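Participant: Structure in structure tokens, see below.
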Amino acid sequence: MWQQEIGGVPVRDLAQQFGTPLYVYDEQLILQRIQDLAQFEVVRYAQKACSNIAILRLVQQQGVVVDAVSAGELLRAQAAGFVLGPHDPANKLAKDGSAADPHHQVVYTADIFDSEALDLVAKYGVHCNLGSPDMINQLGERCPGARVTLRINPGFGHGHSQKTNTGGAQSKHGIWHEQVPDCLQRAARFGIKVSGLHMHIGSGTDMEHLSQVCGALEKVATQVGPSLTTISAGGGLPTPYRSDDTRINLDDYFQLWDATRRRLQDQFGHPLLLEVEPGRYLVAESGYLITEIRTIKEMGSNRFYLVDAGFNNLARPILYGAYHPMAIATQEGKAGPANVPTQPVVVGGPLCESGDIFTQTEGGFVQHRDLPVAKVGDWLVIQCAGAYGHAMSSNYNSKPLAAEVLIHQGKPCLIRSRQDLRQIFADEQIPATLLN
Ligand SMILES: *Cc1c(COP(=O)(O)O)cnc(C)c1O
């Protein structure tokens, strides 16, 4: 109901110092989530969930490695201090004459190579997780003899929304499980060695579906054979967004995968590295979007709180009908009583688009949320906004990207300044003939 502080820092101070809308991340929560996964030897963060270079640096210091899905994400990872591959000047390991860093600090995972990504992959020797058969040929022509991971679509998928389901015949992701023999032939033609297998069936899925992946991966691994040195469980670990959502039992999850890995090790006669690839799990709960309530108005029987953030800042509600918990911070800086009167309100943003509503379900149905009676100038804090929050923001309506702050060692640190308004159109130009 109330949230006067984030990581010990008053919301009022954050809003006044950095302006709103503002993303704030509590470092402690990220560190805890990383700790939860300590059983896995390799935690590979799917940076697309929240790719600010300060967050990448923070997770790197905990021994976490990253996944990159584009040329931009490869360069972000490098800017944060990760080594892209064996030809990266920063890779001292490779210079000593040893093979590539066995943990592949960065893996490029995608269903296509665009030319920028392929250029970077070839230049730095980035390890690739290939999601389409054509990528084998494209990589093979540029980097014959490379080692690769294959991303397999096991023929089934699951997610919190149809839009986050990444397996099954409706999904564009991965190599169809029946085409593995064909892909192995393609690979052999270029001397490419399949050293990794990967499956990712969707985001925000559940234990039942996640556990089916083990069996599917084991079957494909047997087809590929002992060239494998790494298996990846993919991401998709769910985050509790609602108070009655339960946290997945990570111990059970690890045991399932560890058993799969051990059976394959016995079969191949050598050790296998087990990776897990969470995005939202590491960052969702750490992130808060602080907005200011700018008007409170009645429309018929509905009361609206309109805030200064819209789906340009947080798109999950309009994209998936995603639920985000919300709380109020008062201008006075004091929480109201626990038994404060609440009222059902609709929370919306400033965009000229009727779908710009934070309280909606999938399909665009407007919902009410019980929130404390607030006044214009109070702050509405949207919680669990760290994953696919800022990362999915846009300049729609020529709104600037929000600033981001990390509560680091108890202090607020600016990790991205609010975008300058003129920067929004800085790359545009008017043809000379129109200027006459
Ligand atoms: C998006 C993505 C992830 C992370 O998904 P989460 O649901 O955020 O854990 C992991 N792996 C791949 C390949 C992805 O595309």
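Each chain in the structure tokens gets a letter, A, B, ..., in the order shown, and its residues are numbered from 1; ligands are numbered from 1 in order too.
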Taking only C-alpha atoms and all ligand atoms and a cut-off of 6 Å, can you tell me which residues surround ligand 1, written as a list in words?
Facilitator: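 Answer in the requested format: Ala46, Ala49, Thr109, His200, Ser203, Gly204, Gly234, Gly235, Gly236, Leu237, Glu277, Pro278, Gly279, Arg280 and Tyr281 of chain A.
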Participant: Please save N, CA and C atoms of the selected residues as an mmCIF file, in the first residue's frame.
Facilitator:
data_model
loop_
_atom_site.group_PDB
_atom_site.id
_atom_site.type_symbol
_atom_site.label_atom_id
_atom_site.label_comp_id
_atom_site.auth_asym_id
_atom_site.auth_seq_id
_atom_site.Cartn_x
_atom_site.Cartn_y
_atom_site.Cartn_z
ATOM 1 N N ALA A 46 20.486 -13.277 -19.001
ATOM 2 C CA ALA A 46 19.901 -12.838 -20.270
ATOM 3 C C ALA A 46 19.711 -11.330 -20.162
ATOM 4 N N ALA A 49 16.727 -8.457 -20.363
ATOM 5 C CA ALA A 49 15.760 -8.088 -19.324
ATOM 6 C C ALA A 49 16.047 -6.705 -18.750
ATOM 7 N N THR A 109 23.093 -15.293 -28.703
ATOM 8 C CA THR A 109 21.945 -16.194 -28.886
ATOM 9 C C THR A 109 20.915 -15.495 -29.734
ATOM 10 N N HIS A 200 15.115 -23.127 -24.459
ATOM 11 C CA HIS A 200 14.449 -22.076 -23.673
ATOM 12 C C HIS A 200 13.012 -22.051 -24.162
ATOM 13 N N SER A 203 9.085 -17.575 -21.129
ATOM 14 C CA SER A 203 9.361 -16.717 -19.986
ATOM 15 C C SER A 203 8.211 -16.765 -19.003
ATOM 16 N N GLY A 204 8.561 -16.872 -17.733
ATOM 17 C CA GLY A 204 7.532 -16.879 -16.705
ATOM 18 C C GLY A 204 6.728 -18.156 -16.754
ATOM 19 N N GLY A 234 18.403 -22.936 -20.153
ATOM 20 C CA GLY A 234 17.634 -21.777 -20.616
ATOM 21 C C GLY A 234 17.153 -20.934 -19.456
ATOM 22 N N GLY A 235 16.283 -19.967 -19.765
ATOM 23 C CA GLY A 235 15.766 -19.075 -18.723
ATOM 24 C C GLY A 235 14.316 -19.416 -18.443
ATOM 25 N N GLY A 236 13.547 -18.375 -18.162
ATOM 26 C CA GLY A 236 12.116 -18.574 -17.949
ATOM 27 C C GLY A 236 11.729 -18.751 -16.506
ATOM 28 N N LEU A 237 12.706 -18.738 -15.571
ATOM 29 C CA LEU A 237 12.360 -18.909 -14.153
ATOM 30 C C LEU A 237 11.367 -17.827 -13.753
ATOM 31 N N GLU A 277 20.003 -19.735 -17.415
ATOM 32 C CA GLU A 277 20.061 -18.476 -18.176
ATOM 33 C C GLU A 277 18.899 -17.542 -17.815
ATOM 34 N N PRO A 278 18.871 -17.102 -16.567
ATOM 35 C CA PRO A 278 17.725 -16.296 -16.140
ATOM 36 C C PRO A 278 17.825 -14.849 -16.601
ATOM 37 N N GLY A 279 16.695 -14.268 -16.919
ATOM 38 C CA GLY A 279 16.611 -12.837 -17.176
ATOM 39 C C GLY A 279 15.842 -12.221 -16.022
ATOM 40 N N ARG A 280 14.523 -12.344 -16.112
ATOM 41 C CA ARG A 280 13.682 -11.663 -15.108
ATOM 42 C C ARG A 280 13.998 -12.095 -13.688
ATOM 43 N N TYR A 281 14.348 -13.363 -13.487
ATOM 44 C CA TYR A 281 14.522 -13.843 -12.117
ATOM 45 C C TYR A 281 15.547 -12.988 -11.361
#
Participant: Need the shell around Gly287 (chain A): protein/DNA/RNA residues with any atom at most 12 Å away, counting only C-alpha atoms. Skip same-chain ones fewer than 5 positions apart. Format as a compact mmCIF listing (two decimals) with N, CA and C atoms, in the first residue's frame?
Facilitator:
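Ended up saving to around-v9.txt:
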# COMPACT_ATOMS: atom_id res chain seq x y z
N ILE A 6 13.08 3.05 -0.87
CA ILE A 6 13.60 1.95 -1.70
C ILE A 6 15.03 1.71 -1.26
N GLY A 7 15.31 0.51 -0.79
CA GLY A 7 16.67 0.19 -0.33
C GLY A 7 17.16 1.18 0.73
N LEU A 22 11.18 7.69 -12.99
CA LEU A 22 12.53 7.27 -12.63
C LEU A 22 12.55 5.78 -12.31
N TYR A 23 13.50 5.07 -12.91
CA TYR A 23 13.72 3.66 -12.55
C TYR A 23 14.77 3.60 -11.45
N VAL A 24 14.46 2.84 -10.40
CA VAL A 24 15.40 2.64 -9.30
C VAL A 24 15.57 1.14 -9.08
N TYR A 25 16.82 0.71 -8.97
CA TYR A 25 17.12 -0.71 -8.73
C TYR A 25 17.80 -0.86 -7.38
N ASP A 26 17.31 -1.80 -6.59
CA ASP A 26 17.91 -2.08 -5.30
C ASP A 26 18.91 -3.22 -5.47
N GLU A 27 20.19 -2.87 -5.41
CA GLU A 27 21.27 -3.83 -5.64
C GLU A 27 21.15 -5.08 -4.77
N GLN A 28 20.71 -4.88 -3.52
CA GLN A 28 20.65 -6.01 -2.59
C GLN A 28 19.77 -7.14 -3.12
N LEU A 29 18.69 -6.76 -3.78
CA LEU A 29 17.76 -7.79 -4.27
C LEU A 29 18.38 -8.56 -5.43
N ILE A 30 19.17 -7.88 -6.25
CA ILE A 30 19.85 -8.59 -7.35
C ILE A 30 20.86 -9.58 -6.77
N ALA A 49 16.73 -8.46 -20.36
CA ALA A 49 15.76 -8.09 -19.32
C ALA A 49 16.05 -6.71 -18.75
N CYS A 50 17.33 -6.37 -18.62
CA CYS A 50 17.72 -5.07 -18.04
C CYS A 50 19.20 -4.91 -18.31
N ILE A 55 24.39 -2.48 -14.31
CA ILE A 55 23.80 -3.74 -13.84
C ILE A 55 24.66 -4.91 -14.35
N TYR A 241 4.99 -11.95 -9.00
CA TYR A 241 4.50 -10.59 -9.21
C TYR A 241 3.34 -10.27 -8.27
N ARG A 280 14.52 -12.34 -16.11
CA ARG A 280 13.68 -11.66 -15.11
C ARG A 280 14.00 -12.10 -13.69
N TYR A 281 14.35 -13.36 -13.49
CA TYR A 281 14.52 -13.84 -12.12
C TYR A 281 15.55 -12.99 -11.36
N LEU A 282 16.59 -12.56 -12.04
CA LEU A 282 17.65 -11.81 -11.35
C LEU A 282 17.25 -10.36 -11.06
N LEU A 314 7.07 1.67 -19.46
CA LEU A 314 6.85 0.29 -19.00
C LEU A 314 5.75 -0.30 -19.87
N HIS A 324 1.48 -5.53 -12.25
CA HIS A 324 2.58 -5.00 -11.42
C HIS A 324 1.99 -4.49 -10.11
N PRO A 325 2.55 -4.91 -8.97
CA PRO A 325 2.09 -4.33 -7.71
C PRO A 325 2.43 -2.84 -7.67
N VAL A 381 4.47 4.24 -6.91
CA VAL A 381 5.64 3.39 -7.18
C VAL A 381 5.16 2.09 -7.81
N ILE A 382 5.60 1.83 -9.02
CA ILE A 382 5.25 0.58 -9.70
C ILE A 382 6.36 -0.42 -9.40
N GLN A 383 5.98 -1.54 -8.78
CA GLN A 383 6.99 -2.48 -8.28
C GLN A 383 7.23 -3.63 -9.25
N CYS A 384 8.28 -4.40 -8.97
CA CYS A 384 8.65 -5.56 -9.81
C CYS A 384 8.81 -5.13 -11.26
N ALA A 385 9.45 -3.99 -11.47
CA ALA A 385 9.54 -3.42 -12.82
C ALA A 385 10.95 -3.52 -13.39
N GLY A 386 11.83 -4.29 -12.73
CA GLY A 386 13.22 -4.32 -13.15
C GLY A 386 13.46 -5.10 -14.44
N ALA A 387 12.59 -6.07 -14.75
CA ALA A 387 12.81 -6.89 -15.95
C ALA A 387 11.86 -6.46 -17.05
N TYR A 388 12.40 -6.27 -18.23
CA TYR A 388 11.60 -5.85 -19.39
C TYR A 388 10.84 -4.55 -19.09
N GLY A 389 11.44 -3.72 -18.27
CA GLY A 389 10.87 -2.42 -17.93
C GLY A 389 11.57 -1.38 -18.79
N HIS A 390 12.63 -0.79 -18.23
CA HIS A 390 13.35 0.22 -19.01
C HIS A 390 13.83 -0.35 -20.34
N ALA A 391 14.20 -1.63 -20.32
CA ALA A 391 14.77 -2.25 -21.53
C ALA A 391 13.80 -2.20 -22.71
N GLU A 404 17.90 6.17 -14.78
CA GLU A 404 17.98 4.96 -13.96
C GLU A 404 18.97 5.21 -12.83
N VAL A 405 18.59 4.70 -11.65
CA VAL A 405 19.41 4.87 -10.45
C VAL A 405 19.60 3.50 -9.82
N LEU A 406 20.83 3.24 -9.37
CA LEU A 406 21.11 2.00 -8.64
C LEU A 406 21.38 2.35 -7.18
N ILE A 407 20.67 1.70 -6.28
CA ILE A 407 21.01 1.87 -4.86
C ILE A 407 22.18 0.93 -4.61
Participant: State, in Å with one decimal place, the distance from CA of Val347 (chain A) to CA of Asp420 (chain A).
Facilitator: 26.4 Å
Participant: Distance CA of Leu56 (chain A)-CA of Thr164 (chain A), one decimal place?
Facilitator: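 Going from CA of Leu56 (chain A) over to CA of Thr164 (chain A) covers 23.1 Å.
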Participant: Using only C-alpha atoms, which residue out of A:His160, A:Asp134, A:Val180, A:Ser195 lies closest to Arg147 (chain A)?
Facilitator: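 The shortest atom-to-atom distance to Arg147 (chain A) comes from A:Ser195.
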Participant: As a ChimeraX atom specification, please: the residues near Phe40 (chain A) (cut-off 9 Å, only C-alpha atoms, same-chain neighbours under 5 positions excluded).
Facilitator: /A:254,258,274-276
Participant: For Lys193 (chain A), please output as a PDB file with all heavy atoms, in the first residue's frame all residues within 10 Å (counting only C-alpha atoms; exclusion window: fewer than 6 positions along the same chain).
Facilitator:
ATOM      1  N   PRO A 144      35.041 -21.010 -40.198  1.00  0.00           N
ATOM      2  CA  PRO A 144      35.064 -22.469 -40.256  1.00  0.00           C
ATOM      3  C   PRO A 144      35.791 -23.029 -39.035  1.00  0.00           C
ATOM      4  O   PRO A 144      36.725 -22.404 -38.532  1.00  0.00           O
ATOM      5  CB  PRO A 144      35.843 -22.752 -41.553  1.00  0.00           C
ATOM      6  CG  PRO A 144      36.552 -21.483 -41.894  1.00  0.00           C
ATOM      7  CD  PRO A 144      35.752 -20.367 -41.312  1.00  0.00           C
ATOM      8  N   GLY A 145      35.307 -24.174 -38.570  1.00  0.00           N
ATOM      9  CA  GLY A 145      35.962 -24.800 -37.416  1.00  0.00           C
ATOM     10  C   GLY A 145      35.490 -24.287 -36.065  1.00  0.00           C
ATOM     11  O   GLY A 145      35.984 -24.746 -35.034  1.00  0.00           O
ATOM     12  N   ALA A 146      34.539 -23.342 -36.058  1.00  0.00           N
ATOM     13  CA  ALA A 146      34.076 -22.790 -34.777  1.00  0.00           C
ATOM     14  C   ALA A 146      33.357 -23.857 -33.953  1.00  0.00           C
ATOM     15  O   ALA A 146      32.864 -24.847 -34.494  1.00  0.00           O
ATOM     16  CB  ALA A 146      33.135 -21.610 -35.026  1.00  0.00           C
ATOM     17  N   ARG A 147      33.310 -23.620 -32.646  1.00  0.00           N
ATOM     18  CA  ARG A 147      32.459 -24.433 -31.777  1.00  0.00           C
ATOM     19  C   ARG A 147      31.176 -23.655 -31.567  1.00  0.00           C
ATOM     20  O   ARG A 147      31.206 -22.438 -31.416  1.00  0.00           O
ATOM     21  CB  ARG A 147      33.101 -24.623 -30.403  1.00  0.00           C
ATOM     22  CG  ARG A 147      34.219 -25.604 -30.400  1.00  0.00           C
ATOM     23  CD  ARG A 147      35.074 -25.417 -29.153  1.00  0.00           C
ATOM     24  NE  ARG A 147      36.286 -26.192 -29.321  1.00  0.00           N
ATOM     25  CZ  ARG A 147      36.397 -27.452 -28.931  1.00  0.00           C
ATOM     26  NH1 ARG A 147      35.403 -28.056 -28.307  1.00  0.00           N
ATOM     27  NH2 ARG A 147      37.514 -28.111 -29.149  1.00  0.00           N
ATOM     28  N   VAL A 148      30.059 -24.369 -31.549  1.00  0.00           N
ATOM     29  CA  VAL A 148      28.773 -23.677 -31.397  1.00  0.00           C
ATOM     30  C   VAL A 148      27.868 -24.429 -30.436  1.00  0.00           C
ATOM     31  O   VAL A 148      28.071 -25.608 -30.149  1.00  0.00           O
ATOM     32  CB  VAL A 148      28.015 -23.547 -32.745  1.00  0.00           C
ATOM     33  CG1 VAL A 148      28.803 -22.729 -33.756  1.00  0.00           C
ATOM     34  CG2 VAL A 148      27.651 -24.906 -33.307  1.00  0.00           C
ATOM     35  N   THR A 149      26.865 -23.697 -29.989  1.00  0.00           N
ATOM     36  CA  THR A 149      25.748 -24.291 -29.256  1.00  0.00           C
ATOM     37  C   THR A 149      24.550 -24.273 -30.192  1.00  0.00           C
ATOM     38  O   THR A 149      24.408 -23.339 -30.989  1.00  0.00           O
ATOM     39  CB  THR A 149      25.472 -23.463 -27.984  1.00  0.00           C
ATOM     40  OG1 THR A 149      26.591 -23.590 -27.110  1.00  0.00           O
ATOM     41  CG2 THR A 149      24.217 -23.930 -27.264  1.00  0.00           C
ATOM     42  N   LEU A 184      23.515 -31.326 -37.935  1.00  0.00           N
ATOM     43  CA  LEU A 184      24.828 -31.921 -37.658  1.00  0.00           C
ATOM     44  C   LEU A 184      25.600 -32.117 -38.967  1.00  0.00           C
ATOM     45  O   LEU A 184      26.816 -31.916 -39.019  1.00  0.00           O
ATOM     46  CB  LEU A 184      24.665 -33.258 -36.917  1.00  0.00           C
ATOM     47  CG  LEU A 184      24.096 -33.146 -35.494  1.00  0.00           C
ATOM     48  CD1 LEU A 184      23.883 -34.519 -34.881  1.00  0.00           C
ATOM     49  CD2 LEU A 184      25.003 -32.300 -34.605  1.00  0.00           C
ATOM     50  N   ALA A 187      26.860 -28.748 -40.065  1.00  0.00           N
ATOM     51  CA  ALA A 187      27.999 -28.367 -39.225  1.00  0.00           C
ATOM     52  C   ALA A 187      29.258 -29.082 -39.696  1.00  0.00           C
ATOM     53  O   ALA A 187      30.322 -28.465 -39.832  1.00  0.00           O
ATOM     54  CB  ALA A 187      27.692 -28.681 -37.761  1.00  0.00           C
ATOM     55  N   SER A 227      30.606 -34.753 -28.493  1.00  0.00           N
ATOM     56  CA  SER A 227      31.216 -33.437 -28.733  1.00  0.00           C
ATOM     57  C   SER A 227      30.678 -32.411 -27.737  1.00  0.00           C
ATOM     58  O   SER A 227      31.258 -31.333 -27.567  1.00  0.00           O
ATOM     59  CB  SER A 227      30.943 -32.967 -30.172  1.00  0.00           C
ATOM     60  OG  SER A 227      29.554 -32.784 -30.378  1.00  0.00           O
ATOM     61  N   LEU A 228      29.607 -32.733 -27.059  1.00  0.00           N
ATOM     62  CA  LEU A 228      28.995 -31.773 -26.119  1.00  0.00           C
ATOM     63  C   LEU A 228      29.850 -31.595 -24.868  1.00  0.00           C
ATOM     64  O   LEU A 228      30.310 -32.573 -24.289  1.00  0.00           O
ATOM     65  CB  LEU A 228      27.606 -32.249 -25.694  1.00  0.00           C
ATOM     66  CG  LEU A 228      26.526 -32.215 -26.765  1.00  0.00           C
ATOM     67  CD1 LEU A 228      25.216 -32.771 -26.207  1.00  0.00           C
ATOM     68  CD2 LEU A 228      26.310 -30.786 -27.259  1.00  0.00           C
TER      69      LEU A 228
END
Participant: Find the spatial neighbours of Ser393 (chain A), counting only C-alpha atoms, within a cut-off of 10 Å - ignore same-chain residues fewer than 3 positions away - and output them as a PyMOL selection string.
Facilitator: chain A and resi 310-316+388-390+396+399-402
Participant: Determine the nearest neighbour of Leu120 (chain A) from the options A:Arg142, A:Arg369, A:Lys219, A:His209, counting only C-alpha atoms.
Facilitator: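 Of the candidates, the smallest distance to Leu120 (chain A) is held by A:Arg142.
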Participant: What lies within 10 Å of Arg261 (chain A) using only C-alpha atoms, ignoring chain neighbours under 4 positions off, as number ranges by chain?
Facilitator: A: 214, 217-218, 230-232, 255-257, 265-267, 271-274
Participant: Could you turn the residues from that selection into a file that holds N, CA, C and O atoms, as a PDB file, in the first residue's frame?
Facilitator:
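The result, written out as result10.pdb:
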ATOM      1  N   CYS A 214      14.156 -31.015 -19.426  1.00  0.00           N
ATOM      2  CA  CYS A 214      15.274 -31.922 -19.136  1.00  0.00           C
ATOM      3  C   CYS A 214      15.215 -33.149 -20.035  1.00  0.00           C
ATOM      4  O   CYS A 214      16.210 -33.511 -20.665  1.00  0.00           O
ATOM      5  N   LEU A 217      15.866 -32.331 -23.696  1.00  0.00           N
ATOM      6  CA  LEU A 217      17.273 -32.019 -23.989  1.00  0.00           C
ATOM      7  C   LEU A 217      18.128 -33.290 -23.965  1.00  0.00           C
ATOM      8  O   LEU A 217      19.006 -33.481 -24.803  1.00  0.00           O
ATOM      9  N   GLU A 218      17.813 -34.159 -23.050  1.00  0.00           N
ATOM     10  CA  GLU A 218      18.599 -35.392 -22.932  1.00  0.00           C
ATOM     11  C   GLU A 218      18.512 -36.210 -24.218  1.00  0.00           C
ATOM     12  O   GLU A 218      19.511 -36.766 -24.699  1.00  0.00           O
ATOM     13  N   THR A 230      28.747 -28.601 -22.848  1.00  0.00           N
ATOM     14  CA  THR A 230      27.882 -27.708 -22.063  1.00  0.00           C
ATOM     15  C   THR A 230      26.423 -27.989 -22.391  1.00  0.00           C
ATOM     16  O   THR A 230      26.084 -28.192 -23.557  1.00  0.00           O
ATOM     17  N   ILE A 231      25.594 -27.988 -21.371  1.00  0.00           N
ATOM     18  CA  ILE A 231      24.145 -27.981 -21.620  1.00  0.00           C
ATOM     19  C   ILE A 231      23.546 -26.780 -20.886  1.00  0.00           C
ATOM     20  O   ILE A 231      24.009 -26.412 -19.807  1.00  0.00           O
ATOM     21  N   SER A 232      22.543 -26.171 -21.504  1.00  0.00           N
ATOM     22  CA  SER A 232      21.929 -25.002 -20.884  1.00  0.00           C
ATOM     23  C   SER A 232      20.440 -25.222 -20.682  1.00  0.00           C
ATOM     24  O   SER A 232      19.722 -25.605 -21.599  1.00  0.00           O
ATOM     25  N   GLN A 255      18.174 -30.118  -8.925  1.00  0.00           N
ATOM     26  CA  GLN A 255      18.343 -31.577  -8.825  1.00  0.00           C
ATOM     27  C   GLN A 255      17.962 -32.260 -10.133  1.00  0.00           C
ATOM     28  O   GLN A 255      18.648 -33.172 -10.593  1.00  0.00           O
ATOM     29  N   LEU A 256      16.860 -31.802 -10.725  1.00  0.00           N
ATOM     30  CA  LEU A 256      16.407 -32.379 -11.993  1.00  0.00           C
ATOM     31  C   LEU A 256      17.480 -32.253 -13.064  1.00  0.00           C
ATOM     32  O   LEU A 256      17.812 -33.208 -13.768  1.00  0.00           O
ATOM     33  N   TRP A 257      18.022 -31.023 -13.167  1.00  0.00           N
ATOM     34  CA  TRP A 257      19.019 -30.768 -14.205  1.00  0.00           C
ATOM     35  C   TRP A 257      20.336 -31.462 -13.912  1.00  0.00           C
ATOM     36  O   TRP A 257      21.017 -31.952 -14.808  1.00  0.00           O
ATOM     37  N   GLN A 265      26.872 -37.313 -18.611  1.00  0.00           N
ATOM     38  CA  GLN A 265      28.316 -37.461 -18.327  1.00  0.00           C
ATOM     39  C   GLN A 265      28.711 -38.925 -18.369  1.00  0.00           C
ATOM     40  O   GLN A 265      29.746 -39.282 -18.926  1.00  0.00           O
ATOM     41  N   ASP A 266      27.858 -39.766 -17.769  1.00  0.00           N
ATOM     42  CA  ASP A 266      28.150 -41.205 -17.764  1.00  0.00           C
ATOM     43  C   ASP A 266      28.188 -41.737 -19.187  1.00  0.00           C
ATOM     44  O   ASP A 266      29.036 -42.545 -19.550  1.00  0.00           O
ATOM     45  N   GLN A 267      27.229 -41.236 -19.985  1.00  0.00           N
ATOM     46  CA  GLN A 267      27.133 -41.704 -21.365  1.00  0.00           C
ATOM     47  C   GLN A 267      28.368 -41.272 -22.176  1.00  0.00           C
ATOM     48  O   GLN A 267      28.892 -42.039 -22.976  1.00  0.00           O
ATOM     49  N   PRO A 271      33.187 -34.667 -18.276  1.00  0.00           N
ATOM     50  CA  PRO A 271      32.328 -33.733 -17.543  1.00  0.00           C
ATOM     51  C   PRO A 271      31.545 -32.790 -18.474  1.00  0.00           C
ATOM     52  O   PRO A 271      32.007 -32.471 -19.570  1.00  0.00           O
ATOM     53  N   LEU A 272      30.389 -32.387 -18.008  1.00  0.00           N
ATOM     54  CA  LEU A 272      29.548 -31.434 -18.746  1.00  0.00           C
ATOM     55  C   LEU A 272      29.264 -30.252 -17.829  1.00  0.00           C
ATOM     56  O   LEU A 272      28.977 -30.429 -16.650  1.00  0.00           O
ATOM     57  N   LEU A 273      29.333 -29.070 -18.417  1.00  0.00           N
ATOM     58  CA  LEU A 273      29.017 -27.849 -17.679  1.00  0.00           C
ATOM     59  C   LEU A 273      27.510 -27.607 -17.786  1.00  0.00           C
ATOM     60  O   LEU A 273      26.937 -27.773 -18.863  1.00  0.00           O
ATOM     61  N   LEU A 274      26.895 -27.232 -16.662  1.00  0.00           N
ATOM     62  CA  LEU A 274      25.450 -26.973 -16.656  1.00  0.00           C
ATOM     63  C   LEU A 274      25.211 -25.471 -16.479  1.00  0.00           C
ATOM     64  O   LEU A 274      25.654 -24.883 -15.494  1.00  0.00           O
TER      65      LEU A 274
END
Participant: Would you mind reading off the distance between CA of Ala284 (chain A) and CA of Arg33 (chain A), one decimal, in Å?
Facilitator: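 So the answer is 9.8 Å.
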Participant: I need the residue nearest Ile136 (chain A) from this list: A:Lys172, A:Val107, A:Ala188, A:Arg294. Use only C-alpha atoms for the distance.
Facilitator: A:Ala188
